[in-house]
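Asker: Take a look at run-v3.cif, mmCIF, N, CA and C atoms:
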```
data_run
loop_
_atom_site.label_atom_id
_atom_site.label_comp_id
_atom_site.auth_asym_id
_atom_site.auth_seq_id
_atom_site.Cartn_x
_atom_site.Cartn_y
_atom_site.Cartn_z
N MET F 1429 -36.78 7.83 7.73
CA MET F 1429 -35.41 7.87 7.31
C MET F 1429 -35.29 7.14 5.99
N LYS F 1430 -34.68 7.79 5.04
CA LYS F 1430 -34.56 7.25 3.70
C LYS F 1430 -33.26 6.47 3.58
N ARG F 1431 -33.36 5.25 3.05
CA ARG F 1431 -32.16 4.44 2.83
C ARG F 1431 -31.70 4.62 1.40
N GLY F 1432 -30.43 4.46 1.23
CA GLY F 1432 -29.89 4.61 -0.12
C GLY F 1432 -28.44 5.02 -0.04
N LYS F 1433 -27.98 5.65 -1.07
CA LYS F 1433 -26.58 6.05 -1.12
C LYS F 1433 -26.33 7.22 -0.17
N THR F 1434 -25.20 7.16 0.47
CA THR F 1434 -24.79 8.27 1.32
C THR F 1434 -23.63 8.99 0.63
N ASN F 1435 -23.34 10.15 1.10
CA ASN F 1435 -22.24 10.91 0.50
C ASN F 1435 -20.88 10.50 1.04
N SER F 1436 -20.87 9.71 2.14
CA SER F 1436 -19.58 9.28 2.68
C SER F 1436 -18.99 8.19 1.80
N PRO F 1437 -17.68 8.24 1.54
CA PRO F 1437 -17.06 7.25 0.67
C PRO F 1437 -16.92 5.89 1.37
N ASP F 1438 -17.07 4.84 0.61
CA ASP F 1438 -16.90 3.49 1.12
C ASP F 1438 -15.41 3.17 1.15
N PRO F 1439 -14.82 2.91 2.33
CA PRO F 1439 -13.37 2.69 2.41
C PRO F 1439 -12.92 1.45 1.64
N VAL F 1440 -13.73 0.39 1.60
CA VAL F 1440 -13.35 -0.81 0.87
C VAL F 1440 -13.31 -0.54 -0.62
N ARG F 1441 -14.33 0.13 -1.10
CA ARG F 1441 -14.39 0.46 -2.52
C ARG F 1441 -13.27 1.41 -2.91
N ALA F 1442 -12.95 2.35 -2.03
CA ALA F 1442 -11.87 3.30 -2.31
C ALA F 1442 -10.52 2.59 -2.35
N SER F 1443 -10.29 1.62 -1.45
CA SER F 1443 -9.02 0.91 -1.44
C SER F 1443 -8.89 0.02 -2.67
N LYS F 1444 -10.00 -0.58 -3.12
CA LYS F 1444 -9.96 -1.38 -4.34
C LYS F 1444 -9.65 -0.50 -5.55
N ALA F 1445 -10.23 0.67 -5.59
CA ALA F 1445 -9.96 1.59 -6.70
C ALA F 1445 -8.50 2.02 -6.68
N ALA F 1446 -7.95 2.27 -5.50
CA ALA F 1446 -6.55 2.65 -5.40
C ALA F 1446 -5.65 1.50 -5.84
N ALA F 1447 -6.02 0.26 -5.50
CA ALA F 1447 -5.23 -0.90 -5.90
C ALA F 1447 -5.25 -1.06 -7.41
N LEU F 1448 -6.38 -0.80 -8.03
CA LEU F 1448 -6.46 -0.89 -9.48
C LEU F 1448 -5.58 0.16 -10.13
N ASP F 1449 -5.52 1.35 -9.56
CA ASP F 1449 -4.70 2.41 -10.13
C ASP F 1449 -3.22 2.06 -10.04
N THR F 1450 -2.79 1.42 -8.95
CA THR F 1450 -1.38 1.12 -8.78
C THR F 1450 -0.96 -0.13 -9.53
N SER F 1451 -1.89 -0.95 -9.98
CA SER F 1451 -1.52 -2.15 -10.72
C SER F 1451 -1.56 -1.91 -12.22
N GLU F 1452 -1.32 -0.71 -12.63
CA GLU F 1452 -1.29 -0.35 -14.03
C GLU F 1452 -0.23 -1.17 -14.75
N ILE F 1453 -0.56 -1.64 -15.94
CA ILE F 1453 0.37 -2.40 -16.76
C ILE F 1453 1.10 -1.43 -17.68
N MET F 1454 2.43 -1.54 -17.69
CA MET F 1454 3.25 -0.61 -18.47
C MET F 1454 4.10 -1.39 -19.46
N THR F 1455 4.43 -0.75 -20.57
CA THR F 1455 5.42 -1.31 -21.48
C THR F 1455 6.79 -1.11 -20.84
N LEU F 1456 7.82 -1.73 -21.41
CA LEU F 1456 9.16 -1.55 -20.86
C LEU F 1456 9.62 -0.11 -20.99
N ARG F 1457 9.22 0.55 -22.06
CA ARG F 1457 9.61 1.97 -22.21
C ARG F 1457 8.96 2.82 -21.13
N ASP F 1458 7.68 2.56 -20.83
CA ASP F 1458 7.00 3.29 -19.76
C ASP F 1458 7.64 2.98 -18.40
N ALA F 1459 7.95 1.69 -18.18
CA ALA F 1459 8.56 1.29 -16.91
C ALA F 1459 9.96 1.90 -16.77
N ALA F 1460 10.71 1.98 -17.87
CA ALA F 1460 12.04 2.60 -17.83
C ALA F 1460 11.92 4.08 -17.48
N ALA F 1461 10.94 4.75 -18.03
CA ALA F 1461 10.72 6.16 -17.70
C ALA F 1461 10.32 6.29 -16.22
N TYR F 1462 9.50 5.37 -15.74
CA TYR F 1462 9.08 5.38 -14.34
C TYR F 1462 10.28 5.18 -13.41
N LEU F 1463 11.19 4.28 -13.80
CA LEU F 1463 12.38 4.01 -13.00
C LEU F 1463 13.52 4.99 -13.26
N LYS F 1464 13.33 5.84 -14.26
CA LYS F 1464 14.35 6.81 -14.66
C LYS F 1464 15.66 6.12 -15.03
N CYS F 1465 15.52 5.10 -15.88
CA CYS F 1465 16.69 4.41 -16.40
C CYS F 1465 16.50 4.23 -17.91
N HIS F 1466 17.55 3.78 -18.57
CA HIS F 1466 17.46 3.58 -20.02
C HIS F 1466 16.67 2.31 -20.31
N TYR F 1467 15.99 2.31 -21.44
CA TYR F 1467 15.17 1.17 -21.85
C TYR F 1467 16.00 -0.10 -21.95
N ARG F 1468 17.18 -0.01 -22.53
CA ARG F 1468 18.03 -1.21 -22.71
C ARG F 1468 18.50 -1.77 -21.37
N THR F 1469 18.77 -0.90 -20.41
CA THR F 1469 19.16 -1.36 -19.07
C THR F 1469 18.04 -2.18 -18.46
N LEU F 1470 16.82 -1.68 -18.53
CA LEU F 1470 15.67 -2.40 -17.99
C LEU F 1470 15.45 -3.70 -18.76
N PHE F 1471 15.61 -3.67 -20.06
CA PHE F 1471 15.43 -4.87 -20.88
C PHE F 1471 16.40 -5.97 -20.45
N LYS F 1472 17.65 -5.60 -20.20
CA LYS F 1472 18.65 -6.59 -19.75
C LYS F 1472 18.28 -7.15 -18.38
N LEU F 1473 17.81 -6.29 -17.48
CA LEU F 1473 17.40 -6.75 -16.15
C LEU F 1473 16.20 -7.69 -16.22
N VAL F 1474 15.26 -7.39 -17.11
CA VAL F 1474 14.07 -8.23 -17.28
C VAL F 1474 14.47 -9.58 -17.88
N ARG F 1475 15.32 -9.55 -18.90
CA ARG F 1475 15.75 -10.79 -19.55
C ARG F 1475 16.51 -11.70 -18.60
N SER F 1476 17.27 -11.10 -17.67
CA SER F 1476 18.03 -11.90 -16.70
C SER F 1476 17.17 -12.35 -15.52
N GLY F 1477 15.92 -11.87 -15.45
CA GLY F 1477 15.02 -12.28 -14.38
C GLY F 1477 15.16 -11.48 -13.11
N LYS F 1478 15.90 -10.38 -13.14
CA LYS F 1478 16.10 -9.57 -11.95
C LYS F 1478 14.95 -8.61 -11.67
N VAL F 1479 14.21 -8.26 -12.70
CA VAL F 1479 13.06 -7.35 -12.57
C VAL F 1479 11.81 -8.11 -13.02
N PRO F 1480 10.71 -8.05 -12.25
CA PRO F 1480 9.50 -8.79 -12.62
C PRO F 1480 8.84 -8.20 -13.85
N ALA F 1481 8.57 -9.07 -14.82
CA ALA F 1481 7.89 -8.66 -16.05
C ALA F 1481 7.31 -9.91 -16.70
N PHE F 1482 6.47 -9.71 -17.70
CA PHE F 1482 5.89 -10.84 -18.42
C PHE F 1482 5.77 -10.47 -19.89
N ARG F 1483 5.70 -11.50 -20.72
CA ARG F 1483 5.63 -11.28 -22.16
C ARG F 1483 4.18 -11.22 -22.63
N VAL F 1484 3.94 -10.33 -23.56
CA VAL F 1484 2.67 -10.27 -24.27
C VAL F 1484 3.05 -10.23 -25.74
N GLY F 1485 2.87 -11.36 -26.40
CA GLY F 1485 3.31 -11.45 -27.78
C GLY F 1485 4.82 -11.30 -27.85
N ALA F 1486 5.28 -10.37 -28.66
CA ALA F 1486 6.72 -10.14 -28.80
C ALA F 1486 7.24 -9.11 -27.80
N GLY F 1487 6.35 -8.44 -27.09
CA GLY F 1487 6.77 -7.37 -26.18
C GLY F 1487 6.72 -7.80 -24.73
N TRP F 1488 7.33 -6.97 -23.90
CA TRP F 1488 7.37 -7.19 -22.45
C TRP F 1488 6.49 -6.16 -21.77
N ARG F 1489 5.87 -6.56 -20.67
CA ARG F 1489 5.05 -5.67 -19.86
C ARG F 1489 5.44 -5.81 -18.40
N CYS F 1490 5.23 -4.72 -17.65
CA CYS F 1490 5.50 -4.71 -16.21
C CYS F 1490 4.27 -4.16 -15.50
N SER F 1491 4.01 -4.71 -14.34
CA SER F 1491 2.96 -4.19 -13.49
C SER F 1491 3.58 -3.12 -12.59
N ARG F 1492 2.94 -1.97 -12.48
CA ARG F 1492 3.47 -0.91 -11.62
C ARG F 1492 3.57 -1.39 -10.17
N LEU F 1493 2.60 -2.17 -9.73
CA LEU F 1493 2.62 -2.70 -8.37
C LEU F 1493 3.82 -3.63 -8.17
N ASP F 1494 4.09 -4.50 -9.15
CA ASP F 1494 5.25 -5.39 -9.06
C ASP F 1494 6.56 -4.60 -9.03
N ILE F 1495 6.63 -3.55 -9.83
CA ILE F 1495 7.83 -2.70 -9.85
C ILE F 1495 8.00 -2.01 -8.50
N ASP F 1496 6.91 -1.49 -7.95
CA ASP F 1496 6.99 -0.83 -6.64
C ASP F 1496 7.44 -1.81 -5.55
N LEU F 1497 6.92 -3.04 -5.59
CA LEU F 1497 7.32 -4.06 -4.62
C LEU F 1497 8.79 -4.44 -4.81
N TRP F 1498 9.24 -4.54 -6.06
CA TRP F 1498 10.63 -4.84 -6.36
C TRP F 1498 11.55 -3.74 -5.82
N ILE F 1499 11.15 -2.49 -5.98
CA ILE F 1499 11.93 -1.36 -5.46
C ILE F 1499 12.03 -1.47 -3.94
N ALA F 1500 10.92 -1.78 -3.27
CA ALA F 1500 10.92 -1.90 -1.81
C ALA F 1500 11.83 -3.04 -1.37
N GLN F 1501 11.80 -4.17 -2.08
CA GLN F 1501 12.67 -5.29 -1.74
C GLN F 1501 14.14 -4.93 -1.93
N GLN F 1502 14.44 -4.21 -3.01
CA GLN F 1502 15.82 -3.81 -3.27
C GLN F 1502 16.31 -2.87 -2.17
N SER F 1503 15.46 -1.95 -1.76
CA SER F 1503 15.82 -1.00 -0.71
C SER F 1503 16.02 -1.72 0.62
N ALA F 1504 15.17 -2.69 0.93
CA ALA F 1504 15.28 -3.43 2.18
C ALA F 1504 16.54 -4.28 2.21
N SER F 1505 16.85 -4.95 1.11
CA SER F 1505 18.04 -5.80 1.09
C SER F 1505 19.31 -4.96 1.13
N LEU F 1506 19.28 -3.78 0.55
CA LEU F 1506 20.43 -2.89 0.60
C LEU F 1506 20.65 -2.38 2.02
N ALA F 1507 19.57 -2.09 2.73
CA ALA F 1507 19.68 -1.62 4.11
C ALA F 1507 20.22 -2.72 5.02
N GLU F 1508 19.87 -3.97 4.75
CA GLU F 1508 20.37 -5.09 5.55
C GLU F 1508 21.85 -5.35 5.30
N GLU F 1509 22.31 -5.13 4.08
CA GLU F 1509 23.69 -5.41 3.72
C GLU F 1509 24.65 -4.32 4.16
N THR F 1510 24.15 -3.11 4.35
CA THR F 1510 25.00 -1.99 4.70
C THR F 1510 25.49 -2.13 6.14
N PRO F 1511 26.81 -2.17 6.34
CA PRO F 1511 27.32 -2.28 7.71
C PRO F 1511 27.13 -0.97 8.46
N SER F 1512 27.03 -1.10 9.80
CA SER F 1512 26.81 0.10 10.61
C SER F 1512 28.07 0.95 10.67
N LYS F 1513 29.25 0.30 10.70
CA LYS F 1513 30.51 1.04 10.70
C LYS F 1513 31.32 0.63 9.48
N PRO F 1514 31.91 1.56 8.78
CA PRO F 1514 32.73 1.18 7.63
C PRO F 1514 33.98 0.44 8.09
N GLU F 1515 34.38 -0.57 7.33
CA GLU F 1515 35.58 -1.32 7.66
C GLU F 1515 36.81 -0.51 7.28
N ARG F 1516 37.83 -0.64 8.09
CA ARG F 1516 39.10 0.03 7.78
C ARG F 1516 39.85 -0.86 6.82
N ARG F 1517 40.41 -0.23 5.84
CA ARG F 1517 41.21 -0.96 4.86
C ARG F 1517 42.59 -0.33 4.79
N GLY F 1518 43.54 -1.14 4.50
CA GLY F 1518 44.88 -0.62 4.36
C GLY F 1518 45.64 -0.63 5.67
N ARG F 1519 46.81 -0.09 5.62
CA ARG F 1519 47.68 -0.07 6.80
C ARG F 1519 47.43 1.19 7.61
N ARG F 1520 47.57 1.04 8.91
CA ARG F 1520 47.46 2.20 9.79
C ARG F 1520 48.74 3.00 9.72
N LYS F 1521 48.58 4.29 9.79
CA LYS F 1521 49.73 5.17 9.84
C LYS F 1521 50.26 5.20 11.26
N LYS F 1522 51.59 5.22 11.41
CA LYS F 1522 52.20 5.28 12.75
C LYS F 1522 52.52 6.68 13.16
#
```
Would you mind writing the file out in structure tokens?

Answerer:
Amino acid sequence: MKRGKTNSPDPVRASKAAALDTSEIMTLRDAAAYLKCHYRTLFKLVRSGKVPAFRVGAGWRCSRLDIDLWIAQQSASLAEETPSKPERRGRRKK
């Protein structure tokens, strides 16, 4: 029996490769296109600290993985805040 490389993929190596692909570093313009929002909107969110980003020289960069995690957190917090039944407002009609 010959030892060596097999044709079956290594799951650990495949998961590391997938993690590298998702941690792509994007400019704010790329991140804005990814989020489907305007560049200035994202810039304001980054400057206020609401969206994870970091500076490289004079420009800002975002990690795709950080953006994906931020989206998941926003979705989870929105689901927690949404009441199960809408509140009635105003006066009842007689």

Asker: For the atom pair atom CA of Gln1501 of chain F and atom C of Leu1473 of chain F, what is the interatomic distance in Å to one decimal place?

Answerer: 15.1 Å

Asker: Hey, can you check how far atom N of Arg1492 of chain F sits from atom C of Ile1453 of chain F?

Answerer: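 Separation between atom N of Arg1492 of chain F and atom C of Ile1453 of chain F: 5.5 Å.
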
Asker: Neighbouring residues of Ala1486 of chain F were defined as those with any atom within 12 Å, considering only C-alpha atoms; residues of the same chain fewer than 4 positions away were excluded. Please report them as number ranges by chain.

Answerer: F: 1455-1456, 1482

Asker: What does the distance between atom C of Ala1459 of chain F and atom CA of Cys1490 of chain F come to in Å, to one decimal place?

Answerer: 8.0 Å

Asker: With the PyMOL selection byres (((chain F and resi 1462 and name CA) around 12) and name CA) as the selection, what would be picked from this file? Answer as a list of chain:residue names, please.

Answerer: F:Glu1452, F:Ile1453, F:Met1454, F:Thr1455, F:Leu1456, F:Arg1457, F:Asp1458, F:Ala1459, F:Ala1460, F:Ala1461, F:Leu1463, F:Lys1464, F:Cys1465, F:His1466, F:Tyr1467, F:Leu1470, F:Cys1490, F:Ser1491, F:Arg1492, F:Leu1493, F:Ile1495, F:Asp1496, F:Ile1499

Asker: List every residue of segment 1462-1517 of chain F that DSSP, applied to the backbone of this structure, assigns to strand (DSSP E), and report them as a ChimeraX atom specification.

Answerer: /F:1482-1484,1487-1491
